[in-house]
Amino acid sequence: MAVLHRGLRLGMTLLASVMAPACGPELPPGSVPEVGEQESTALGLESGSRLPPLNREALRQAIAGLPDAEVTGALVRVEGSEGRWLGASGVADVRTGAPVRADARFRIGSMTKVFTATVVLQLAAERRVDLDRPVQEYLPRLLPAGVYAPITVRQLLNHTHGLPGVPVPQKDPDWFFVNRFRRYSPRELVALALPAGPVFAPGTQQDYGNIGYIVAGLLIEQVTGRPYGDAVRDRILRPLRLGDTFVPGNLVTIPGPHARGYEEVQAEAGACPAGAIVYQGRCLVDVTEASQSVPWAAGEMVSSTADLDRFLVALFQGRLLPHAQREELFTVPDVPNVDGGRALYSAGLSRIEVGGLTLWGKSGDRHGYNNGMGATRDLRRRLVYSVNTLRMGQDRPDIAARIVAAAMGGLQAAP
């Protein structure tokens with residue numbers, strides 16, 4: 001998870017310091033209504049701030065030249081008041097050379113956390129969950145008494161719980177190839193993590209990871225009496241008609257149109273290992289099919305750029321949460337991050353400061369897929385992207401930073 005955090009900061013650093021203001025004609029308003037200056041300020045934009053015209057050429061260049069040594073394909077969707085841009089590049093299948101489709105589905109990884117957090121916050125709005133109540137009162141036998149201090153539900157969602165990470169090296173290709181179809185239960189994962197003991201006292205630091213959201217998934221199941229995936233479907237996917245989005249459970253495939261994911265491996269004695277594909281002089285293993293039980297409620301879902309954009313709009317506009325619970329999405333605890341600096345994560349989202357403005361979003365990756373979504377809080381500029389990276393577990397590929405910079409760059413204060 002530290003790799004994911006570093007990748008997010010890399011993209012935002014490039015965005016804040018490298019991109020010059022974009023140029024081009026103004027475009028017609030998008031599907032989200034314009035907001036006035038007072039409302040814009042309340043939503044997290046400075047008074048007098050403005051968006052540059054959408055730079056379509058910069059976006060085209062950001063995903064040009066695929067496949068390359070890092071990525072086989074990419075999908076980008078930019079929406080908002082300055083217009084929209086949809087782009088796809090590269091190949092969906094290296095065997096056939098089929099192009100990436102604009103409506104392709106992909107594994108969204110840790111962007112799943114936003115859906116899980118939304119369900120917990122809905123339960124809080126219904127007074128079935130108290131964010132200030134210890135999770136031990138909902139799941140009394142999960143965390144050993146006398147070892148773990150009381151951890152509130154809010155601390156689960158904003159990564160200030162102090163629980164140790166799950167000691168499963170899922171980003172290690174050697175481990176993954178042996179265990180890619182193995183199924184873990186959520187309680188098994190928690191049991192593997194707990195012997196390490198607390199990392200810090202609850203509420204004193206922030207440490208991004210999956211364990212809090214695995215426990216949050218168990219909390220949803222305890223409170224509703226049903227699988228957490230049912231709650232996501234009934235409360236979010238069906239009401240919003242997100243037909244490309246699903247919680248896979250035991251399903252290891254991606255139904256419908258999708259780009260296949262690959263992991264590059266080293267040649268052995270001058271030849272690719274058995275089962276690998278020789279492509280442009282590299283050895284690639286198709287990793288599209290795999291169990292998603294390790295990340296579970298923290299990272300197992302599948303979606304599309306259109307569905308994720310629709311979800312962001314509904315979430316930010318308050319169609320899924322009342323005001324008090326929606327504010328949890330935009331409230332970052334005032335504590336240090338264990339990696340240095342201050343906390344960046346709220347309940348489900350991450351705060352990204354760019355040129356005096358604030359963006360809110362989430363990144364996520366799984367083997368073969370590296371993705372992100374984010375928006376200004378007033379929704380005037382929104383981005384969803386997915387790239388088919390060849391090396392999971394390393395720093396985010398440069399293309400991700402280029403996409404973010406092209407889509408969000410040039411934000412500046414009006415003269």
# chains A, B, ... in the order shown; residues from 1 in each chain; ligands from 1
$ residues_around --residues "segment 226-230 of chain A" --least-positions-apart "2" --cutoff "8 Å" --atoms "only C-alpha atoms" --output "PDB file with N, CA and C atoms, in the first residue's frame"
ATOM      1  N   GLY A 217     -15.978  -4.435   5.926  1.00  0.00           N
ATOM      2  CA  GLY A 217     -16.854  -5.368   5.219  1.00  0.00           C
ATOM      3  C   GLY A 217     -17.525  -6.334   6.173  1.00  0.00           C
ATOM      4  N   LEU A 218     -16.767  -6.840   7.146  1.00  0.00           N
ATOM      5  CA  LEU A 218     -17.351  -7.723   8.160  1.00  0.00           C
ATOM      6  C   LEU A 218     -18.381  -6.981   9.000  1.00  0.00           C
ATOM      7  N   ILE A 220     -20.331  -4.526   7.963  1.00  0.00           N
ATOM      8  CA  ILE A 220     -21.542  -4.444   7.138  1.00  0.00           C
ATOM      9  C   ILE A 220     -22.323  -5.748   7.214  1.00  0.00           C
ATOM     10  N   GLU A 221     -21.619  -6.857   7.128  1.00  0.00           N
ATOM     11  CA  GLU A 221     -22.297  -8.153   7.166  1.00  0.00           C
ATOM     12  C   GLU A 221     -22.923  -8.417   8.525  1.00  0.00           C
ATOM     13  N   GLN A 222     -22.247  -8.009   9.591  1.00  0.00           N
ATOM     14  CA  GLN A 222     -22.797  -8.207  10.929  1.00  0.00           C
ATOM     15  C   GLN A 222     -24.071  -7.386  11.130  1.00  0.00           C
ATOM     16  N   THR A 224     -26.097  -5.952   8.729  1.00  0.00           N
ATOM     17  CA  THR A 224     -27.190  -6.215   7.780  1.00  0.00           C
ATOM     18  C   THR A 224     -27.629  -7.658   7.761  1.00  0.00           C
ATOM     19  N   VAL A 232     -23.725  -3.503  -1.291  1.00  0.00           N
ATOM     20  CA  VAL A 232     -23.218  -2.631  -2.357  1.00  0.00           C
ATOM     21  C   VAL A 232     -24.165  -2.648  -3.545  1.00  0.00           C
ATOM     22  N   ARG A 233     -24.612  -3.825  -3.947  1.00  0.00           N
ATOM     23  CA  ARG A 233     -25.530  -3.928  -5.097  1.00  0.00           C
ATOM     24  C   ARG A 233     -26.862  -3.244  -4.817  1.00  0.00           C
ATOM     25  N   ASP A 234     -27.461  -3.528  -3.664  1.00  0.00           N
ATOM     26  CA  ASP A 234     -28.800  -3.020  -3.379  1.00  0.00           C
ATOM     27  C   ASP A 234     -28.815  -1.523  -3.102  1.00  0.00           C
ATOM     28  N   VAL A 247     -19.516  -6.864  -7.786  1.00  0.00           N
ATOM     29  CA  VAL A 247     -18.681  -7.448  -6.746  1.00  0.00           C
ATOM     30  C   VAL A 247     -18.472  -8.905  -7.139  1.00  0.00           C
ATOM     31  N   GLY A 249     -17.015 -11.694  -5.922  1.00  0.00           N
ATOM     32  CA  GLY A 249     -17.139 -12.858  -5.051  1.00  0.00           C
ATOM     33  C   GLY A 249     -16.190 -13.963  -5.515  1.00  0.00           C
ATOM     34  N   ALA A 297     -13.378  -6.607   0.460  1.00  0.00           N
ATOM     35  CA  ALA A 297     -14.122  -5.341   0.515  1.00  0.00           C
ATOM     36  C   ALA A 297     -13.226  -4.116   0.385  1.00  0.00           C
TER      37      ALA A 297
END
$ select_by_dssp --residues "segment 320-356 of chain A" --states "helix (DSSP H, G or I)" --output "list of chain:residue names"
A:His323, A:Ala324, A:Gln325, A:Arg326, A:Glu327, A:Glu328, A:Leu329
$ write_last_selection --atoms "N, CA and C atoms" --output "PDB file, in the first residue's frame"
ATOM      1  N   HIS A 323     -26.160  14.997   4.242  1.00  0.00           N
ATOM      2  CA  HIS A 323     -25.060  15.948   4.365  1.00  0.00           C
ATOM      3  C   HIS A 323     -24.045  15.534   5.423  1.00  0.00           C
ATOM      4  N   ALA A 324     -24.497  15.175   6.615  1.00  0.00           N
ATOM      5  CA  ALA A 324     -23.564  14.881   7.706  1.00  0.00           C
ATOM      6  C   ALA A 324     -22.640  13.725   7.351  1.00  0.00           C
ATOM      7  N   GLN A 325     -23.185  12.674   6.767  1.00  0.00           N
ATOM      8  CA  GLN A 325     -22.365  11.521   6.410  1.00  0.00           C
ATOM      9  C   GLN A 325     -21.505  11.807   5.169  1.00  0.00           C
ATOM     10  N   ARG A 326     -22.021  12.623   4.254  1.00  0.00           N
ATOM     11  CA  ARG A 326     -21.234  12.974   3.068  1.00  0.00           C
ATOM     12  C   ARG A 326     -19.982  13.751   3.467  1.00  0.00           C
ATOM     13  N   GLU A 327     -20.085  14.556   4.526  1.00  0.00           N
ATOM     14  CA  GLU A 327     -18.929  15.332   4.961  1.00  0.00           C
ATOM     15  C   GLU A 327     -17.782  14.444   5.427  1.00  0.00           C
ATOM     16  N   GLU A 328     -18.086  13.213   5.851  1.00  0.00           N
ATOM     17  CA  GLU A 328     -17.019  12.292   6.243  1.00  0.00           C
ATOM     18  C   GLU A 328     -16.100  11.977   5.067  1.00  0.00           C
ATOM     19  N   LEU A 329     -16.634  12.015   3.845  1.00  0.00           N
ATOM     20  CA  LEU A 329     -15.831  11.768   2.648  1.00  0.00           C
ATOM     21  C   LEU A 329     -14.785  12.849   2.434  1.00  0.00           C
TER      22      LEU A 329
END
$ closest_atom_pairs --of "segment 56-139 of chain A" --to "segment 355-371 of chain A" --cutoff "10 Å" --atoms "only C-alpha atoms" --output "Markdown table"
| residue | atom | partner | partner_atom | distance |
| --- | --- | --- | --- | --- |
| A:Val71 | CA | A:Gly368 | CA | 9.0 |
| A:Thr72 | CA | A:Gly368 | CA | 9.2 |
| A:Gly73 | CA | A:Tyr369 | CA | 9.6 |
| A:Ala74 | CA | A:Asn370 | CA | 9.4 |
| A:Leu75 | CA | A:Asn371 | CA | 9.2 |
| A:Val76 | CA | A:Asn371 | CA | 9.7 |
| A:Phe106 | CA | A:Tyr369 | CA | 7.0 |
| A:Arg107 | CA | A:Tyr369 | CA | 6.3 |
| A:Ile108 | CA | A:Gly364 | CA | 5.8 |
| A:Gly109 | CA | A:Gly364 | CA | 4.4 |
| A:Ser110 | CA | A:Gly364 | CA | 4.2 |
| A:Met111 | CA | A:Gly364 | CA | 5.2 |
| A:Thr112 | CA | A:Gly364 | CA | 8.0 |
| A:Lys113 | CA | A:Lys362 | CA | 8.6 |
| A:Val114 | CA | A:Lys362 | CA | 7.7 |
$ write_last_selection --atoms "C-alpha atoms" --output "PDB file, in the first residue's frame"
ATOM      1  CA  VAL A  71       1.645  -0.546 -20.483  1.00  0.00           C
ATOM      2  CA  THR A  72      -0.369  -2.521 -23.036  1.00  0.00           C
ATOM      3  CA  GLY A  73      -3.483  -0.329 -23.056  1.00  0.00           C
ATOM      4  CA  ALA A  74      -5.245   2.639 -21.492  1.00  0.00           C
ATOM      5  CA  LEU A  75      -8.714   4.118 -21.026  1.00  0.00           C
ATOM      6  CA  VAL A  76      -9.450   7.742 -20.081  1.00  0.00           C
ATOM      7  CA  PHE A 106     -11.494  -3.392 -15.456  1.00  0.00           C
ATOM      8  CA  ARG A 107     -10.534  -4.411 -11.941  1.00  0.00           C
ATOM      9  CA  ILE A 108     -10.728  -1.206  -9.906  1.00  0.00           C
ATOM     10  CA  GLY A 109      -8.652  -2.356  -6.917  1.00  0.00           C
ATOM     11  CA  SER A 110      -8.733   0.004  -3.948  1.00  0.00           C
ATOM     12  CA  MET A 111     -11.369   2.233  -5.531  1.00  0.00           C
ATOM     13  CA  THR A 112     -13.633  -0.469  -4.034  1.00  0.00           C
ATOM     14  CA  LYS A 113     -13.024   1.253  -0.693  1.00  0.00           C
ATOM     15  CA  VAL A 114     -15.199   4.188  -1.762  1.00  0.00           C
TER      16      VAL A 114
END
$ residues_around --residues "Leu194 of chain A" --least-positions-apart "6" --cutoff "12 Å" --atoms "only C-alpha atoms" --output "count of residues only"
17
$ decode --residues "segment 227-278 of chain A" --atoms "C-alpha atoms" --output "CSV table (one decimal), in the first residue's frame"
chain,number,residue,atom,x,y,z
A,227,PRO,CA,-23.0,-10.5,2.4
A,228,TYR,CA,-21.4,-7.0,2.0
A,229,GLY,CA,-21.6,-7.4,-1.8
A,230,ASP,CA,-25.4,-7.6,-1.5
A,231,ALA,CA,-25.4,-4.2,0.4
A,232,VAL,CA,-23.2,-2.6,-2.4
A,233,ARG,CA,-25.5,-3.9,-5.1
A,234,ASP,CA,-28.8,-3.0,-3.4
A,235,ARG,CA,-27.7,0.4,-2.1
A,236,ILE,CA,-25.5,1.7,-4.9
A,237,LEU,CA,-25.3,-0.3,-8.1
A,238,ARG,CA,-29.0,-1.0,-8.7
A,239,PRO,CA,-30.3,2.5,-7.7
A,240,LEU,CA,-27.7,4.2,-9.9
A,241,ARG,CA,-28.0,1.6,-12.7
A,242,LEU,CA,-24.3,0.8,-12.8
A,243,GLY,CA,-24.6,-2.1,-15.1
A,244,ASP,CA,-20.9,-2.5,-15.7
A,245,THR,CA,-20.0,-2.6,-12.0
A,246,PHE,CA,-20.1,-5.7,-9.8
A,247,VAL,CA,-18.7,-7.4,-6.7
A,248,PRO,CA,-17.1,-10.6,-8.1
A,249,GLY,CA,-17.1,-12.9,-5.1
A,250,ASN,CA,-15.9,-16.3,-6.2
A,251,LEU,CA,-15.9,-15.2,-9.9
A,252,VAL,CA,-12.3,-15.1,-11.2
A,253,THR,CA,-13.1,-13.8,-14.7
A,254,ILE,CA,-14.2,-10.4,-16.0
A,255,PRO,CA,-17.5,-10.8,-17.9
A,256,GLY,CA,-18.2,-8.4,-20.8
A,257,PRO,CA,-15.8,-6.3,-22.8
A,258,HIS,CA,-12.4,-5.8,-21.1
A,259,ALA,CA,-8.7,-5.4,-21.8
A,260,ARG,CA,-6.7,-8.3,-20.5
A,261,GLY,CA,-4.1,-7.7,-17.9
A,262,TYR,CA,-0.5,-9.0,-18.0
A,263,GLU,CA,2.5,-9.3,-15.8
A,264,GLU,CA,6.0,-9.2,-17.3
A,265,VAL,CA,8.4,-11.9,-16.1
A,266,GLN,CA,12.0,-12.6,-16.7
A,267,ALA,CA,13.3,-14.9,-19.4
A,268,GLU,CA,15.0,-18.1,-18.2
A,269,ALA,CA,18.0,-19.3,-20.1
A,270,GLY,CA,17.1,-17.0,-23.0
A,271,ALA,CA,13.5,-18.3,-23.3
A,272,CYS,CA,10.2,-17.3,-21.8
A,273,PRO,CA,8.9,-19.5,-19.0
A,274,ALA,CA,6.2,-22.1,-19.8
A,275,GLY,CA,2.8,-20.4,-20.2
A,276,ALA,CA,4.3,-17.0,-20.9
A,277,ILE,CA,3.5,-15.0,-24.1
A,278,VAL,CA,6.4,-13.6,-26.2
